[in-house]
Amino acid sequence: MTTTPYVSVAATGLLVPFAEAGVLDVADVQVARRVAHLYGEVSQVATLGLALTVRALGLGAVCVVVDTAAEDVLATLEQQPDEPLPWPSRLEWHEVLSTSPMVTVGPDGPGTRPLRWVDGRLYLERYWADQELVRTELLRRATLAPPVVNEDRVEALADELSSDDALAPDEPNLQRLAAVTVARSWLTVLAGGPGTGKTTTVARALALVAAELGRPPVVALAAPSGRAAARLQESVRQVVEQLPVSETDRAAIMTARGSTLHRLLGWQPGRRYLHTAENPLPADVVVVDELSMVPLSMMARLLPAVRSDARLVLVGDPEQLAPVEAGAVLADIAAAVEDPSGAATAPPLPLVRLRHTWRYEGAIELLAQAIRDGNADAAMAVLAGDDPAVRMVVLDDGGHVSAADLARTRGIAVEAGTRAVAAARNGDVDAALAALSTHRVLCAHRTGPYGAAAWGRQVGQWLAQSIDGYGSGGEWYVGRPLLVTRNDPDLGVSNGDAGIIVDTVSGPRAAFGTIPPLLLAPAQLEDVTTLHAMTVHKAQGSQFEGVTIVLPMLPSPLLTRELLYTAVTRASEQVTLIAHPDAVRQAIAARALRASGLRSRLHTP
């Protein structure tokens, strides 16, 4: 394996073989060399540690576990090095890091150095500080004296709100438990997969809080992306419309607007936020959905901005992919609470995990369960079954699909695209956005023959061949599906938001699925691309009637259980999986590697 000459030239000493093997890129090398020079670091081992820590952030990890660094790094490479890498021994790591001028050792002491070494983990100081802030804020909120509530009133209303739940006689009503927990606690973590009733539970919890406050609550609904925030808002409204609550409370909850976390906190130029610990949010209840997508840095900004006398409800699915940025806060919280791993006691975080699935039954539920459990045999049995809700298209050993299977996939994509284009040309914004969500091609990779770019081109060609005039009319042609590739709080769009160009009385407009739909002049958009296929990461927070999932051939470090589970659970009605059987088994067997100390640190008072 070789890397670019520029990386090799930039690297020196111990960094050279790691750069040549493709472990380190230019940014990793340049940052490590520059910082080492500034701090007078002469040890190549310490400089390598810094470079690996910078690299880890790009892979979503908060830190490097020094004792397992070699195994962890090699597991992330698509191609293994031609020669063994000169990894320092455990003794070398420990001796060098404990005396390096770049490293603060232990959890205490001022953060005046760029690196922090705690419990065998090496952090950039900034991320250590964010992790500790998140840890202390979570534990602080969980251990505050709880809200004073009228227990009889809470129990009675909770019974009324959950009286129609169709559960088995011996099945605990976890939705009721979670709603009551919100009323009784300043912090509640609500975990569960798609269709387990998380937003129904949130709506009921808001009704309980309103009854306890004796006045309409100020509610903030937020999510990492605009589409997830819009779906949270709409779902809560639909439930609240049917709840037996006062019209005043109903109106207060239904007028709560969903927003991105950036907008909720009042993002301002210069990466500053209006709402902080000194100027907290005015809300009585803050609900954050899709927490699995929230990175550590955003959690460190959010938690201090929520008043101590406001209820904070953190909602999400711990089994999904972690954020693109560093951290896996929800997964760490769930693991700390549900699997203490030998700790004397679990942290006092009130977590309720919903388990009953209401959205779909049959093959999709069975497939999702098998993937979540790591049971490859069960998953393959579902994929080989005769339920039309789940279908597998087998890639042969050469990575090819049969002509019949490709034709069927083309038919699905063209049918969905035709509906979206027809609505867009008719100026029907709602119908165009709804059609955009009927089907989506999801890929593990961005590039390569099995990536979103290649499949996007393929679907675009199919549509151009099937729809008269498709793609004509310049860059912003009517019916062009869009994908936002960078957060733009000023415009109100987030990385991963999907939209479509619609013909309106004012001319072509980019429509996005907020409530009401956001209409933007195309000239306002800078960071967008054509959306005919997308990565699974970008699809988090979205829901489609059907998905076609494309997995790459082996080897691929992106093939993980979390990725496949996330992809499958984006669908409500139909899943088509295009993959080699070995790739499916590998994905189910492999867990995502995302080093973090939050899980273990949550056990530290």
# chains A, B, ... in the order shown; residues from 1 in each chain; ligands from 1
$ residues_around --residues "range 446-451 of chain A" --least-positions-apart "3" --cutoff "7 Å" --atoms "only C-alpha atoms" --output "MDAnalysis selection string"
chainID A and resid 443 454:455 535 550:552
$ closest_atom_pairs --of "range 138-246 of chain A" --to "range 367-385 of chain A" --cutoff "12 Å" --atoms "only C-alpha atoms" --output "JSON lines"
{"residue": "A:Gly192", "atom": "CA", "partner": "A:Arg372", "partner_atom": "CA", "distance": 11.9}
{"residue": "A:Gly193", "atom": "CA", "partner": "A:Ala368", "partner_atom": "CA", "distance": 9.3}
{"residue": "A:Pro194", "atom": "CA", "partner": "A:Ala368", "partner_atom": "CA", "distance": 9.9}
{"residue": "A:Gly195", "atom": "CA", "partner": "A:Ala368", "partner_atom": "CA", "distance": 11.7}
$ residues_around --residues "Met299 in chain A" --least-positions-apart "3" --cutoff "9 Å" --atoms "only C-alpha atoms" --output "JSON, numbers by chain"
{"A": [130, 131, 133, 134, 294, 295, 296, 302, 303, 304, 329]}
$ select_by_dssp --residues "range 167-263 of chain A" --states "helix (DSSP H, G or I)" --output "ChimeraX atom specification"
/A:174-184,198-213,226-240,247-254,261-263
$ write_last_selection --atoms "C-alpha atoms" --output "short mmCIF file (atom, residue, chain, number, x, y, z; two decimals), in the first residue's frame"
data_model
loop_
_atom_site.label_atom_id
_atom_site.label_comp_id
_atom_site.auth_asym_id
_atom_site.auth_seq_id
_atom_site.Cartn_x
_atom_site.Cartn_y
_atom_site.Cartn_z
CA LEU A 174 -43.08 1.01 29.10
CA GLN A 175 -44.60 4.01 27.31
CA ARG A 176 -46.58 4.82 30.44
CA LEU A 177 -43.48 4.31 32.61
CA ALA A 178 -41.43 6.64 30.42
CA ALA A 179 -44.08 9.38 30.41
CA VAL A 180 -44.36 9.25 34.20
CA THR A 181 -40.55 9.32 34.48
CA VAL A 182 -40.48 12.57 32.49
CA ALA A 183 -43.02 14.13 34.84
CA ARG A 184 -40.99 13.10 37.89
CA LYS A 198 -41.11 7.25 21.22
CA THR A 199 -42.95 10.33 19.92
CA THR A 200 -46.27 9.04 21.30
CA THR A 201 -44.55 8.77 24.66
CA VAL A 202 -43.13 12.27 24.33
CA ALA A 203 -46.59 13.70 23.61
CA ARG A 204 -48.08 11.97 26.64
CA ALA A 205 -45.20 13.14 28.80
CA LEU A 206 -45.80 16.73 27.72
CA ALA A 207 -49.46 16.38 28.69
CA LEU A 208 -48.44 15.11 32.14
CA VAL A 209 -46.00 17.98 32.61
CA ALA A 210 -48.66 20.50 31.57
CA ALA A 211 -51.05 19.09 34.15
CA GLU A 212 -48.37 19.31 36.83
CA LEU A 213 -47.29 22.85 36.03
CA GLY A 226 -34.31 19.83 9.89
CA ARG A 227 -36.11 16.76 8.55
CA ALA A 228 -35.91 14.97 11.91
CA ALA A 229 -37.14 18.09 13.72
CA ALA A 230 -40.07 18.44 11.31
CA ARG A 231 -41.02 14.80 11.76
CA LEU A 232 -40.87 15.14 15.55
CA GLN A 233 -43.10 18.21 15.43
CA GLU A 234 -45.65 16.59 13.13
CA SER A 235 -45.72 13.33 15.10
CA VAL A 236 -46.21 15.10 18.44
CA ARG A 237 -49.02 17.20 16.97
CA GLN A 238 -50.83 14.16 15.60
CA VAL A 239 -50.76 12.45 18.99
CA VAL A 240 -51.67 15.52 21.03
CA GLU A 247 -57.59 22.90 24.97
CA THR A 248 -55.14 25.36 26.49
CA ASP A 249 -52.53 22.68 27.10
CA ARG A 250 -53.20 21.10 23.72
CA ALA A 251 -52.65 24.43 21.98
CA ALA A 252 -49.41 25.06 23.86
CA ILE A 253 -47.97 21.71 22.90
CA MET A 254 -49.17 21.85 19.30
CA LEU A 261 -30.18 22.07 17.64
CA HIS A 262 -28.13 24.82 16.03
CA ARG A 263 -31.21 27.00 15.64
#
$ residues_around --residues "Leu139 in chain A" --least-positions-apart "3" --cutoff "8 Å" --atoms "only C-alpha atoms" --output "PyMOL selection string"
chain A and resi 135-136+142-143+347-349+602+605
$ write_last_selection --atoms "N, CA, C and O atoms" --output "PDB file, in the first residue's frame"
ATOM      1  N   ARG A 135     -20.450  14.522  30.952  1.00  0.00           N
ATOM      2  CA  ARG A 135     -20.580  13.594  32.093  1.00  0.00           C
ATOM      3  C   ARG A 135     -21.106  14.302  33.328  1.00  0.00           C
ATOM      4  O   ARG A 135     -22.078  13.843  33.955  1.00  0.00           O
ATOM      5  N   THR A 136     -20.481  15.410  33.693  1.00  0.00           N
ATOM      6  CA  THR A 136     -20.882  16.083  34.931  1.00  0.00           C
ATOM      7  C   THR A 136     -22.284  16.680  34.817  1.00  0.00           C
ATOM      8  O   THR A 136     -23.043  16.655  35.791  1.00  0.00           O
ATOM      9  N   ALA A 142     -29.298  14.373  36.864  1.00  0.00           N
ATOM     10  CA  ALA A 142     -29.931  13.145  37.350  1.00  0.00           C
ATOM     11  C   ALA A 142     -29.999  13.084  38.862  1.00  0.00           C
ATOM     12  O   ALA A 142     -30.839  12.365  39.424  1.00  0.00           O
ATOM     13  N   THR A 143     -29.136  13.817  39.553  1.00  0.00           N
ATOM     14  CA  THR A 143     -29.083  13.739  41.018  1.00  0.00           C
ATOM     15  C   THR A 143     -29.678  14.961  41.701  1.00  0.00           C
ATOM     16  O   THR A 143     -29.649  15.059  42.925  1.00  0.00           O
ATOM     17  N   PRO A 347     -24.769   4.193  36.760  1.00  0.00           N
ATOM     18  CA  PRO A 347     -24.977   5.623  37.041  1.00  0.00           C
ATOM     19  C   PRO A 347     -26.466   5.912  37.214  1.00  0.00           C
ATOM     20  O   PRO A 347     -27.312   5.217  36.645  1.00  0.00           O
ATOM     21  N   PRO A 348     -26.823   6.940  37.995  1.00  0.00           N
ATOM     22  CA  PRO A 348     -28.236   7.215  38.316  1.00  0.00           C
ATOM     23  C   PRO A 348     -28.958   7.957  37.203  1.00  0.00           C
ATOM     24  O   PRO A 348     -29.604   8.985  37.434  1.00  0.00           O
ATOM     25  N   LEU A 349     -28.820   7.470  35.982  1.00  0.00           N
ATOM     26  CA  LEU A 349     -29.470   8.119  34.849  1.00  0.00           C
ATOM     27  C   LEU A 349     -30.785   7.410  34.550  1.00  0.00           C
ATOM     28  O   LEU A 349     -30.799   6.197  34.295  1.00  0.00           O
ATOM     29  N   LEU A 602     -19.026   7.696  33.274  1.00  0.00           N
ATOM     30  CA  LEU A 602     -20.340   7.934  33.883  1.00  0.00           C
ATOM     31  C   LEU A 602     -20.493   7.198  35.217  1.00  0.00           C
ATOM     32  O   LEU A 602     -21.397   7.494  35.989  1.00  0.00           O
ATOM     33  N   PRO A 605     -18.442   9.479  40.133  1.00  0.00           N
ATOM     34  CA  PRO A 605     -19.251  10.581  40.675  1.00  0.00           C
ATOM     35  C   PRO A 605     -18.619  11.939  40.371  1.00  0.00           C
ATOM     36  O   PRO A 605     -17.407  12.058  40.289  1.00  0.00           O
TER      37      PRO A 605
END
$ select_by_dssp --residues "range 467-588 of chain A" --states "strand (DSSP E)" --output "PyMOL selection string"
chain A and resi 481-484+498-504+507-512+518-520+528-530+534-535+544-550+571-579
$ closest_residue --among "A:Ser292, A:Val148, A:Met553, A:Pro581" --to "Val324 in chain A" --atoms "only C-alpha atoms"
A:Ser292
$ decode --residues "range 171-201 of chain A" --atoms "C-alpha atoms" --output "PDB file, in the first residue's frame"
ATOM      1  CA  GLU A 171     -46.332  -7.012  28.906  1.00  0.00           C
ATOM      2  CA  PRO A 172     -45.235  -3.966  30.926  1.00  0.00           C
ATOM      3  CA  ASN A 173     -46.461  -0.616  29.650  1.00  0.00           C
ATOM      4  CA  LEU A 174     -43.082   1.015  29.098  1.00  0.00           C
ATOM      5  CA  GLN A 175     -44.602   4.008  27.310  1.00  0.00           C
ATOM      6  CA  ARG A 176     -46.577   4.817  30.444  1.00  0.00           C
ATOM      7  CA  LEU A 177     -43.485   4.309  32.608  1.00  0.00           C
ATOM      8  CA  ALA A 178     -41.429   6.636  30.422  1.00  0.00           C
ATOM      9  CA  ALA A 179     -44.079   9.384  30.410  1.00  0.00           C
ATOM     10  CA  VAL A 180     -44.355   9.252  34.198  1.00  0.00           C
ATOM     11  CA  THR A 181     -40.553   9.324  34.480  1.00  0.00           C
ATOM     12  CA  VAL A 182     -40.483  12.567  32.491  1.00  0.00           C
ATOM     13  CA  ALA A 183     -43.023  14.126  34.836  1.00  0.00           C
ATOM     14  CA  ARG A 184     -40.994  13.096  37.890  1.00  0.00           C
ATOM     15  CA  SER A 185     -37.466  13.839  36.649  1.00  0.00           C
ATOM     16  CA  TRP A 186     -35.348  16.692  35.355  1.00  0.00           C
ATOM     17  CA  LEU A 187     -33.642  14.259  32.973  1.00  0.00           C
ATOM     18  CA  THR A 188     -35.089  11.291  31.094  1.00  0.00           C
ATOM     19  CA  VAL A 189     -33.385   9.179  28.444  1.00  0.00           C
ATOM     20  CA  LEU A 190     -35.954   7.491  26.198  1.00  0.00           C
ATOM     21  CA  ALA A 191     -34.448   4.735  24.046  1.00  0.00           C
ATOM     22  CA  GLY A 192     -36.076   2.537  21.461  1.00  0.00           C
ATOM     23  CA  GLY A 193     -36.018   1.443  17.862  1.00  0.00           C
ATOM     24  CA  PRO A 194     -38.183   2.769  15.031  1.00  0.00           C
ATOM     25  CA  GLY A 195     -41.886   2.296  15.610  1.00  0.00           C
ATOM     26  CA  THR A 196     -41.662   1.698  19.351  1.00  0.00           C
ATOM     27  CA  GLY A 197     -43.749   4.774  20.136  1.00  0.00           C
ATOM     28  CA  LYS A 198     -41.108   7.253  21.216  1.00  0.00           C
ATOM     29  CA  THR A 199     -42.949  10.333  19.923  1.00  0.00           C
ATOM     30  CA  THR A 200     -46.265   9.044  21.302  1.00  0.00           C
ATOM     31  CA  THR A 201     -44.554   8.766  24.663  1.00  0.00           C
TER      32      THR A 201
END
